[in-house]
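Colleague: I'd like to ask you about the structure that follows.
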Amino acid sequence: MRSFMGRDILSLKEFERQEFFRVFEIAEQLEPIARNRRNSDLLADKTLVTAFYQPSTRTRLAHEAAMHRLGGHVTGFSDSKMTRAGDWYQESIKDTVKMLEFYGDVIVMRHFQMGAPHEAAKWASVPIINGGDGWGEHPTQILTDLYTVLREKGRIDGLKWLAVGDMRMRTMHSLGYALTQFDCPITFVAPPANALFDNSPDMLMPESFKADFRQYGLNFAEAEHVEQAIAEADVILVEPVMQPDYTKERDVRKGDAGFTPDNYRITRELLTSKAKSNAIILHSLPRMDEIPTDVDITHWSRYWQEAFNGVVMRMALLALVLGAME
Ligand code: CP
């Protein structure tokens with residue numbers, strides 16, 4: 001197995017099966033620190049730099065909280081408008097990260113351009129963690145989700161997945177890559193063009209990702225309606241279909257977003273009538289109306305646990321790439 005020390009975490013396409021399990025092992029070891037709301041000194045001499053060119057609640061703050069839990073330091077920006085990258089200069093990724101690498105030991109970057117963290121990794125001598133890039137990938141979120149499945153179901157292999165939502169979404173691409181390393185069939189349910197409103201975009205899994213998934217041996221299918229696939233599912237992963245354009249730096253909603261059609265909603269009624277009683281629901285959040293709030297307290301819901309695990313997973317990744325754990 002390759003060492004994680006000094007490694008960039010850019011994509012799950014590059015992740016090997018035993019590397020997933022090593023990350024999960026480290027997460028499990030560090031979990032009590034977060035569970036007991038304590039701080040340790042594992043990364044006391046290290047600093048995390050956050051470079052967020054797009055809004056975030058969970059990804060940035062979970063990385064920051066993880067660093068604090070491990071006794072480390074945090075600096076960075078949550079809005080590029082306050083930097084030279086977001087003003088008149090439009091400073092390049094190269095010039096920006098060649099500064100940031102002097103301010104800390106690891107950089108977590110979210111960007112509206114697919115591939116921006118990969119570009120940063122070309123120039124930085126410290127590890128780059130991809131915190132979500134345009135319609136690209138979101139590897140730390142899906143590591144969190146797989147860890148949640150492992151903790152909640154006791155295994156990953158042999159479970160059937162249903163993924164519902166906008167398949168342009170970066171989490172969906174990291175998920176597809178990740179499941180190539182496990183025995184996990186998956187069904188994707190997403191709206192085709194014009195399904196939501198006149199001229200609504202095509203949200204089916206892009207052909208380029210499907211070609212990759214086939215090449216890497218993912219067992220996947222597509223369905224039109226959640227009702228066609230939910231009865232078989234052990235893990236139901238949901239993302240919105242009413243959502244912003246992730247290729248924009250900031251997409252502010254004007255007026256009502258509209259309602260999510262039933263084909264892409266997981267309601268309490270649907271769960272009660274069709275889902276396995278021991279299935280679990282994941283949602284990386286934020287949500288719109290695709291999971292009504294009355295699902296939150298059902299026995300299927302695991303998205304709050306997933307949110308807690310988001311801190312634990314970032315603790316594991318930071319400890320590994322900074323060489324505090326091997
Ligand atoms: N799940 C997730 O990426 O949330 P944020 O956009 O709030 O970081």
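Letters for chains follow the order of the structure tokens (A, B, ...), residue numbers begin at 1 for each chain, and ligand numbers begin at 1 in the order shown.
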Just want the residues within 9 Å of ligand 1, written as a list of chain:residue names, counting only C-alpha atoms and all ligand atoms.

Modeller: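 Protein and nucleic-acid residues within 9 Å of ligand 1: A:Gln54, A:Pro55, A:Ser56, A:Thr57, A:Arg58, A:Thr59, A:Arg60, A:Leu61, A:Ala62, A:Arg110, A:Gly131, A:Gly132, A:His138, A:Thr140, A:Gln141, A:Thr171, A:His283, A:Ser284, A:Leu285, A:Pro286, A:Ala307, A:Gly310.
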
Colleague: Selection from above, all heavy atoms, as a short mmCIF file (atom, residue, chain, number, x, y, z; two decimals), in the first residue's frame, can you write it?

Modeller:
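Ended up saving to result-v8.cif:
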```cif
data_model
loop_
_atom_site.label_atom_id
_atom_site.label_comp_id
_atom_site.auth_asym_id
_atom_site.auth_seq_id
_atom_site.Cartn_x
_atom_site.Cartn_y
_atom_site.Cartn_z
N GLN A 54 -15.71 28.82 -3.09
CA GLN A 54 -17.14 28.57 -3.26
C GLN A 54 -17.72 28.35 -1.86
O GLN A 54 -17.01 27.85 -0.98
CB GLN A 54 -17.34 27.30 -4.10
CG GLN A 54 -18.56 27.30 -4.98
CD GLN A 54 -18.65 26.02 -5.82
OE1 GLN A 54 -18.22 24.95 -5.44
NE2 GLN A 54 -19.23 26.18 -7.00
N PRO A 55 -19.00 28.69 -1.64
CA PRO A 55 -19.56 28.56 -0.29
C PRO A 55 -19.50 27.13 0.23
O PRO A 55 -19.56 26.16 -0.53
CB PRO A 55 -21.02 29.00 -0.47
CG PRO A 55 -21.01 29.88 -1.67
CD PRO A 55 -19.96 29.31 -2.58
N SER A 56 -19.42 27.01 1.54
CA SER A 56 -19.42 25.71 2.22
C SER A 56 -19.79 25.92 3.67
O SER A 56 -19.34 26.89 4.28
CB SER A 56 -18.03 25.08 2.13
OG SER A 56 -17.92 23.98 3.02
N THR A 57 -20.59 25.04 4.22
CA THR A 57 -20.77 24.97 5.67
C THR A 57 -19.97 23.80 6.21
O THR A 57 -19.09 23.96 7.06
CB THR A 57 -22.26 24.78 6.01
OG1 THR A 57 -22.99 25.90 5.53
CG2 THR A 57 -22.47 24.65 7.52
N ARG A 58 -20.26 22.61 5.71
CA ARG A 58 -19.72 21.38 6.28
C ARG A 58 -18.25 21.13 5.94
O ARG A 58 -17.45 20.81 6.83
CB ARG A 58 -20.54 20.17 5.79
CG ARG A 58 -21.84 19.99 6.50
CD ARG A 58 -22.89 19.46 5.54
NE ARG A 58 -23.28 20.54 4.65
CZ ARG A 58 -24.31 21.36 4.90
NH1 ARG A 58 -25.07 21.14 5.94
NH2 ARG A 58 -24.59 22.37 4.10
N THR A 59 -17.91 21.21 4.67
CA THR A 59 -16.58 20.75 4.27
C THR A 59 -15.48 21.60 4.91
O THR A 59 -14.51 21.09 5.47
CB THR A 59 -16.46 20.76 2.73
OG1 THR A 59 -17.57 20.03 2.21
CG2 THR A 59 -15.18 20.12 2.27
N ARG A 60 -15.65 22.92 4.84
CA ARG A 60 -14.62 23.78 5.43
C ARG A 60 -14.60 23.63 6.95
O ARG A 60 -13.55 23.41 7.55
CB ARG A 60 -14.85 25.25 5.05
CG ARG A 60 -13.77 26.17 5.61
CD ARG A 60 -13.94 27.59 5.11
NE ARG A 60 -15.15 28.22 5.57
CZ ARG A 60 -15.30 28.83 6.75
NH1 ARG A 60 -14.30 28.88 7.61
NH2 ARG A 60 -16.44 29.38 7.09
N LEU A 61 -15.77 23.72 7.57
CA LEU A 61 -15.79 23.70 9.03
C LEU A 61 -15.44 22.32 9.60
O LEU A 61 -14.85 22.22 10.68
CB LEU A 61 -17.14 24.21 9.55
CG LEU A 61 -17.37 25.69 9.24
CD1 LEU A 61 -18.79 26.10 9.62
CD2 LEU A 61 -16.36 26.56 9.96
N ALA A 62 -15.78 21.27 8.88
CA ALA A 62 -15.39 19.92 9.34
C ALA A 62 -13.87 19.75 9.29
O ALA A 62 -13.27 19.15 10.18
CB ALA A 62 -16.08 18.84 8.53
N ARG A 110 -11.66 24.24 -2.09
CA ARG A 110 -12.93 24.08 -2.84
C ARG A 110 -12.92 25.13 -3.94
O ARG A 110 -12.56 26.29 -3.71
CB ARG A 110 -14.14 24.27 -1.95
CG ARG A 110 -15.44 24.40 -2.76
CD ARG A 110 -16.67 24.28 -1.93
NE ARG A 110 -16.86 22.92 -1.47
CZ ARG A 110 -17.96 22.49 -0.84
NH1 ARG A 110 -18.96 23.33 -0.59
NH2 ARG A 110 -18.08 21.23 -0.46
N GLY A 131 -11.72 19.74 -1.71
CA GLY A 131 -12.96 19.91 -0.94
C GLY A 131 -14.17 20.10 -1.84
O GLY A 131 -15.21 20.59 -1.38
N GLY A 132 -14.04 19.66 -3.10
CA GLY A 132 -15.13 19.79 -4.08
C GLY A 132 -14.70 20.74 -5.19
O GLY A 132 -14.39 21.90 -4.91
N HIS A 138 -15.74 15.04 -5.08
CA HIS A 138 -15.78 15.47 -3.68
C HIS A 138 -15.32 14.26 -2.84
O HIS A 138 -16.12 13.63 -2.15
CB HIS A 138 -17.20 15.89 -3.31
CG HIS A 138 -17.32 16.71 -2.06
ND1 HIS A 138 -16.30 16.85 -1.16
CD2 HIS A 138 -18.37 17.42 -1.56
CE1 HIS A 138 -16.71 17.63 -0.15
NE2 HIS A 138 -17.96 17.99 -0.37
N THR A 140 -13.52 13.65 -0.10
CA THR A 140 -13.59 13.51 1.36
C THR A 140 -15.02 13.26 1.83
O THR A 140 -15.24 12.63 2.85
CB THR A 140 -13.00 14.74 2.09
OG1 THR A 140 -13.84 15.88 1.87
CG2 THR A 140 -11.59 15.04 1.62
N GLN A 141 -16.01 13.74 1.06
CA GLN A 141 -17.40 13.48 1.41
C GLN A 141 -17.74 12.01 1.23
O GLN A 141 -18.39 11.39 2.08
CB GLN A 141 -18.33 14.35 0.54
CG GLN A 141 -19.81 14.13 0.82
CD GLN A 141 -20.21 14.53 2.23
OE1 GLN A 141 -19.95 15.64 2.64
NE2 GLN A 141 -20.83 13.62 2.98
N THR A 171 -20.23 14.60 -5.75
CA THR A 171 -20.27 13.45 -4.85
C THR A 171 -20.56 12.17 -5.64
O THR A 171 -20.01 11.11 -5.33
CB THR A 171 -21.37 13.62 -3.79
OG1 THR A 171 -22.55 14.09 -4.44
CG2 THR A 171 -20.95 14.59 -2.70
N HIS A 283 -27.25 11.62 3.06
CA HIS A 283 -27.37 12.86 2.28
C HIS A 283 -26.24 13.75 2.74
O HIS A 283 -26.10 14.02 3.94
CB HIS A 283 -28.73 13.52 2.55
CG HIS A 283 -29.08 14.61 1.57
ND1 HIS A 283 -28.22 15.63 1.24
CD2 HIS A 283 -30.21 14.84 0.84
CE1 HIS A 283 -28.80 16.44 0.35
NE2 HIS A 283 -30.01 15.98 0.09
N SER A 284 -25.42 14.21 1.80
CA SER A 284 -24.25 15.01 2.20
C SER A 284 -24.68 16.38 2.71
O SER A 284 -23.92 17.03 3.43
CB SER A 284 -23.27 15.14 1.05
OG SER A 284 -23.81 15.93 0.02
N LEU A 285 -25.90 16.82 2.34
CA LEU A 285 -26.45 18.11 2.74
C LEU A 285 -25.62 19.27 2.12
O LEU A 285 -24.45 19.07 1.89
CB LEU A 285 -26.53 18.25 4.25
CG LEU A 285 -27.34 17.14 4.97
CD1 LEU A 285 -27.15 17.23 6.47
CD2 LEU A 285 -28.82 17.23 4.61
N PRO A 286 -26.20 20.44 1.87
CA PRO A 286 -27.55 20.86 2.25
C PRO A 286 -28.62 20.20 1.38
O PRO A 286 -28.36 19.74 0.29
CB PRO A 286 -27.52 22.37 2.00
CG PRO A 286 -26.50 22.56 0.92
CD PRO A 286 -25.46 21.50 1.14
N ALA A 307 -22.81 13.47 9.23
CA ALA A 307 -22.22 14.79 9.48
C ALA A 307 -21.16 14.72 10.58
O ALA A 307 -20.08 15.31 10.47
CB ALA A 307 -23.32 15.78 9.87
N GLY A 310 -18.11 13.23 9.29
CA GLY A 310 -17.38 14.16 8.43
C GLY A 310 -16.18 14.77 9.15
O GLY A 310 -15.12 15.00 8.55
#
```

Colleague: Using only C-alpha atoms, which protein or nucleic acid residues come within 7 Å of A:Lys274? Drop anything in the same chain fewer than 3 positions from it, and give the result as a PyMOL selection string.

Modeller: chain A and resi 230-231+270-271

Colleague: Produce a file of the selected residues containing C-alpha atoms, as a CSV table (one decimal), in the first residue's frame.

Modeller:
```csv
chain,number,residue,atom,x,y,z
A,230,ILE,CA,-35.8,1.4,-3.6
A,231,ALA,CA,-37.0,-2.0,-2.6
A,270,LEU,CA,-42.2,5.7,0.3
A,271,LEU,CA,-39.8,4.3,2.9
```

Colleague: Taking only stretch 11-99 of chain A into account, list the residues labelled strand (DSSP E or B) by DSSP (computed from the backbone), as a PyMOL selection string.

Modeller: chain A and resi 47-52+73-77

Colleague: Measuring between only C-alpha atoms, which one of A:Arg7, A:Lys94, A:Lys13, A:Arg214 shows the shortest distance to A:His173?

Modeller: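 Between A:Arg7, A:Lys94, A:Lys13, A:Arg214, the residue approaching A:His173 most closely is A:Lys13.
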
Colleague: Hey, could you make a per-residue contact list for stretch 29-143 of chain A against stretch 189-209 of chain A with 12 Å as the cut-off, showing the nearest pair of atoms and its distance in Å to one decimal, counting only C-alpha atoms, sorted by chain and number, as JSON lines?

Modeller:
```
{"residue": "A:Trp135", "atom": "CA", "partner": "A:Pro206", "partner_atom": "CA", "distance": 10.2}
{"residue": "A:Gly136", "atom": "CA", "partner": "A:Phe209", "partner_atom": "CA", "distance": 9.9}
{"residue": "A:Glu137", "atom": "CA", "partner": "A:Phe209", "partner_atom": "CA", "distance": 10.9}
```

Colleague: Need the shell around stretch 26-29 of chain A: protein/DNA/RNA residues with any atom at most 8 Å away, counting only C-alpha atoms. Skip same-chain ones fewer than 5 positions apart. Format as a list of chain:residue names?

Modeller: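 My list of contacting residues is A:Val312, A:Met313, A:Met315, A:Ala316, A:Met325.
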
Colleague: Just C-alpha atoms for this one: save the residues we selected as a short mmCIF file (atom, residue, chain, number, x, y, z; two decimals), in the first residue's frame.

Modeller:
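Result written to result-v6.cif:
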```cif
data_model
loop_
_atom_site.label_atom_id
_atom_site.label_comp_id
_atom_site.auth_asym_id
_atom_site.auth_seq_id
_atom_site.Cartn_x
_atom_site.Cartn_y
_atom_site.Cartn_z
CA VAL A 312 -13.76 12.09 12.05
CA MET A 313 -12.90 11.38 8.42
CA MET A 315 -9.16 13.97 11.24
CA ALA A 316 -8.02 10.69 9.70
CA MET A 325 -0.25 8.22 11.47
#
```

Colleague: Taking the backbone alone, and naming residues the way the document does, which bits of stretch 46-280 of chain A are alpha helix (DSSP H) by DSSP, as a PyMOL selection string?

Modeller: chain A and resi 58-69+93-100+116-123+139-153+170-179+207-215+268-274

Colleague: Pick from A:Glu119, A:Asp95, A:Glu152, A:Asp45: nearest to A:His299, with only C-alpha atoms counted?

Modeller: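 Under the stated criterion, the closest residue is A:Glu152.
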
Colleague: Which residues are close to A:Val108, i.e. within 12 Å by only C-alpha atoms, leaving aside same-chain residues fewer than 6 positions away? Reply as a PyMOL selection string.

Modeller: chain A and resi 8-10+47-53+59-64+67+74-78+97+100-101+116-118+120-121+124+126-133+138-140+314+317-318+321

Colleague: To one decimal place, how far is atom CA of A:Arg35 from atom CA of A:Arg302 in Å?

Modeller: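 Separation of atom CA of A:Arg35 and atom CA of A:Arg302: 16.2 Å.
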
Colleague: Identify which of the residues A:Ala223, A:Gly104, A:Trp123, A:Cys184 lies closest to A:Ser92, counting only C-alpha atoms when measuring atom-to-atom distances.

Modeller: A:Trp123

Colleague: Of the residues A:Leu218, A:Ala211, A:Val241, A:Ile142, which is the one nearest to A:Met172, using only C-alpha atoms?

Modeller: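 Once distances to A:Met172 are computed over only C-alpha atoms, the minimum belongs to A:Ile142.
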
Colleague: Given only C-alpha atoms as the basis, pick out the residue of A:Phe220, A:Phe15, A:Phe112, A:Tyr264 nearest to A:Asp245.

Modeller: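 Closest residue, counting only C-alpha atoms: A:Phe112.
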
Colleague: For A:Asp262, which residue out of A:Glu326, A:Asp87, A:Glu290, A:Glu19 is the nearest one, using only C-alpha atoms?

Modeller: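 Ranking A:Glu326, A:Asp87, A:Glu290, A:Glu19 by distance to A:Asp262, first place goes to A:Glu290.
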
Colleague: Need the shell around A:Arg17: protein/DNA/RNA residues with any atom at most 12 Å away, counting only C-alpha atoms. Skip same-chain ones fewer than 5 positions apart. Format as JSON, numbers by chain?

Modeller: {"A": [1, 2, 12, 22, 23, 24, 143, 146, 156, 157, 177, 178, 179, 180, 181, 182, 183]}

Colleague: How many Å separate atom CA of A:Ala319 from atom CA of A:Asp41?

Modeller: 11.1 Å
